[in-house]
Amino acid sequence: MEEGARSCLLQSRSSLEQDIRASYLMDHMISDGVLTGDEEDRIRSKPTRREQAAALLELLLRKDNQAYISFYNALIRESYGDLASLLHNSLPLVSPEAVLSEGGVPQRPVVFVSRPALVNRVREKLYHLQKEPGWVTVFGMAGSGKSVLAAESVRDHALITECFPGGVHWLSIGQLDRADLLVRIQSLCFRLEQQSQEKDPSSSLHRSPGSLEEAKERLRFLMLHRYPRSLLILDDIWDSSVLKAFDIQCRVLLTTRDRSLADCVSGSKSEVAVESGLEEDQALEILALYVNGKPQRLPEQARSIVRECKGSPLVVSLVGALLREFPDRWAYYLHTLQQKKFKRIRKSSSYDYDALDQAMAASIQVLSEEHRELYIDLTVLEKDVKVPAKVLSVLWDLEPEEVEDVFQDFVNKSLLFRDCHHRPYLYYLHDLQLDFLAEMNRSGLEVGLIHSTQWRLQGPPTSGDEECLYWFRFLTYHMAKANLTQELYSLMFSLDWVRTKAQIMGPAHLINDYVEYGAILDKEVRGHFQEFLSLNGHQLEQRPFPDVVQLALSQPDSSEVYRQALLQAQERATRG
Ligand code: ADP
């Protein structure tokens with residue numbers, strides 16, 4: 001066992017001895033293969049709980065890193081979260097973790113479940129790259145766990161030593177243009193050259209390649225001569241032109257949402273599909289790990305929650321983190337997930353995760369008001385860029401340590417992720433979380449915009465005012481985008497609005513609005529207004545402008561248009 005891990009165990013020894021029940025933990029350690037039946041018997045033969053605990057620790061101290069990790073996981077599973085946290089910082093990097101860490105491969109998420117069938121499928125494909133270069137594509141929806149899977153698949157000693165003795169190099173790509181791509185490849189080349197110089201000081205560092213072509217050649221040279229038989233992992237590729245920059249006869253594992261990307265490059269290819277959701281059992285296990293319980297003992301709502309999350313590991317993690325903090329809210333969060341209130345604003349997005357939106361909203365809601373505002377500021381982060389806390393300390397005018405504290409709160413809620421390979425730590429959001437924040441900011445902006453203009457629409461419009469025209473044209477659009485359904489209802493189902501808008505812009509835009517937002521509006525009432533407009537459109541184009549109340553009174557008396565006209569006529573009569 002590593003020195004750091006052993007020292008940590010020794011320091012925490014008395015707390016551990018005092019609290020743990022060895023018999024519970026040993027079951028897990030046996031199934032991990034780090035403890036034998038004989039050893040268990042010997043420990044069980046001790047007369048008291050405390051002596052059993054002491055014997056287990058004594059034995060553990062003589063074992064390897066793997067045993068330490070297994071013991072740590074057993075603590076988590078048996079609800080000794082506090083004790084586990086004493087050991088967390090000294091969790092050793094299992095070989096070949098050192099190789100992976102050097103290559104920038106992300107660690108496992110703190111709460112992690114294995115997906116053995118999938119991992120094995122990827123490993124099997126990677127074994128095909130043992131003798132020749134080629135491509136393995138891992139494809140699936142956003143948030144389905146592709147990156148975690150890619151990282152997990154190379155956490156295998158035999159695979160690395162047999163197939164990729166040159167190491168594993170991770171590169172996060174995401175959506176980027178040529179200039180960004182050049183920067184990414186430049187920094188990869190720099191990293192590779194630096195590492196190879198540490199190993200062989202006689203090799204020289206080169207200047208940064210200045211163009212994409214030059215960068216590609218540099219990378220080809222490095223992969224061929226300095227890192228033969230290494231694996232390049234390209235995480236989250238969107239565009240085939242990006243992939244072409246890596247078409248340099250090397251071994252590549254890529255993750256993407258687009259299955260056909262590798263069609264454009266040369267060499268042998270294989271692929272693994274990641275289903276969009278976890279198996280039910282795995283998703284339940286994530287929830288159980290968060291709430292420190294056993295999957296069998298989760299409340300009845302757990303299965304429904306998993307169903308509502310569509311098994312998405314990202315969403316399950318968000319909900320799990322909420323439940324860890326509020327363990328009696330199972331029914332409440334199930335209900336939250338079942339609401340579909342974000343659906344409409346997102347119809348144009350590339351995915352349809354109502355559940356993600358609900359879970360994000362719920363997680364943001366339980367932040368303190370101050371932290372909530374700070375979290376929303378994280379929209380300033382670029383996609384696929386990891387930042388140290390210091391970057392935000394400038395924006396927020398806080399000390400980096402204070403920013404770390406704020407971030408810790410976000411990380412605990414799965415609202416932010418931390419890369420612990422680097423010191424200082426680097427932080428990043430999942431793409432879908434950034435999309436959510438961007439959408440939320442935009443809606444917020446829109447709500448603000450709309451409220452600031454409401455007064456203008458109350459008085460009679462002044463013709464020729466550009467801004468006023470803009471609002472008559474686009475107010476409905478912004479309301480729909482901002483999800484202000486009630487406001488949209490009252491606006492579009494108001495005879496006053498119809499009159500004013502028709503007077504300024506003619507009836508065509510009005511008719512178009514009813515069609516455009518048809519799905520949001522009440523079908524019957526919408527029918528009343530559409531019928532009125534289609535019968536009277538030509539009149540509404542006339543000047544002088546006709547009396548809309550008179551026109552509306554000729555609608556059938558079951559129509560909402562008629563009802564409003566009648567009210568207005570009666571009002572006129574009483575006013576005289
Ligand atoms: P993708 O690359 O498909 O967009 P990620 O691999 O980034 O998705 O996963 C998104 C999030 O889902 C992770 O940050 C993590 O919180 C959670 N997650 C994914 N896979 C697992 C897993 N096997 N166990 C636990 N959580 C997971």
# chains A, B, ... in the order shown; residues from 1 in each chain; ligands from 1

$ residues_near_ligand --ligand "ligand 1" --cutoff "7 Å" --atoms "only C-alpha atoms and all ligand atoms" --output "list of chain:residue names"
A:Pro109, A:Val111, A:Phe112, A:Val113, A:Ser114, A:Arg115, A:Gly140, A:Met141, A:Ala142, A:Gly143, A:Ser144, A:Gly145, A:Lys146, A:Ser147, A:Val148, A:Leu149, A:Asp236, A:Ile286, A:Pro313, A:Leu314, A:Ser317, A:Ser414, A:Phe417, A:His430

$ select_by_dssp --residues "region 36-261 of chain A" --states "alpha helix (DSSP H)" --output "number ranges by chain"
A: 37-44, 49-61, 65-77, 81-88, 97-102, 116-127, 146-153, 157-163, 178-199, 212-221, 240-244

$ residues_around --residues "region 168-177 of chain A" --least-positions-apart "4" --cutoff "6 Å" --atoms "only C-alpha atoms" --output "list in words"
Gly103, Gly104, Val105, Ser230, Leu231, Leu232, Ile233, Leu234, Asp235, Asp236, Ile237 and Asp384 of chain A

$ select_by_dssp --residues "region 281-445 of chain A" --states "strand (DSSP E or B)" --output "PyMOL selection string"
chain A and resi 387-388+417-419+426-428

$ write_last_selection --atoms "N, CA and C atoms" --output "CSV table (one decimal), in the first residue's frame"
chain,number,residue,atom,x,y,z
A,387,VAL,N,-11.8,25.3,-15.6
A,387,VAL,CA,-11.2,26.5,-15.0
A,387,VAL,C,-10.9,26.3,-13.5
A,388,PRO,N,-9.8,27.0,-13.1
A,388,PRO,CA,-9.5,27.0,-11.7
A,388,PRO,C,-10.4,28.0,-11.0
A,417,PHE,N,-18.6,19.9,-11.7
A,417,PHE,CA,-17.7,18.8,-11.6
A,417,PHE,C,-16.3,19.2,-11.4
A,418,ARG,N,-15.5,18.4,-10.7
A,418,ARG,CA,-14.2,18.8,-10.3
A,418,ARG,C,-13.2,17.8,-10.9
A,419,ASP,N,-12.1,18.3,-11.5
A,419,ASP,CA,-11.0,17.5,-11.9
A,419,ASP,C,-9.9,17.6,-10.9
A,426,LEU,N,-9.4,21.9,-11.1
A,426,LEU,CA,-10.1,22.5,-12.2
A,426,LEU,C,-11.6,22.1,-12.1
A,427,TYR,N,-12.5,23.1,-12.5
A,427,TYR,CA,-13.9,22.8,-12.4
A,427,TYR,C,-14.6,23.0,-13.8
A,428,TYR,N,-15.6,22.2,-14.0
A,428,TYR,CA,-16.3,22.3,-15.2
A,428,TYR,C,-17.8,21.9,-15.1

$ closest_residue --among "A:Glu40, A:Pro116, A:Ala158, A:Arg77" --to "Pro295 (chain A)" --atoms "only C-alpha atoms"
A:Arg77
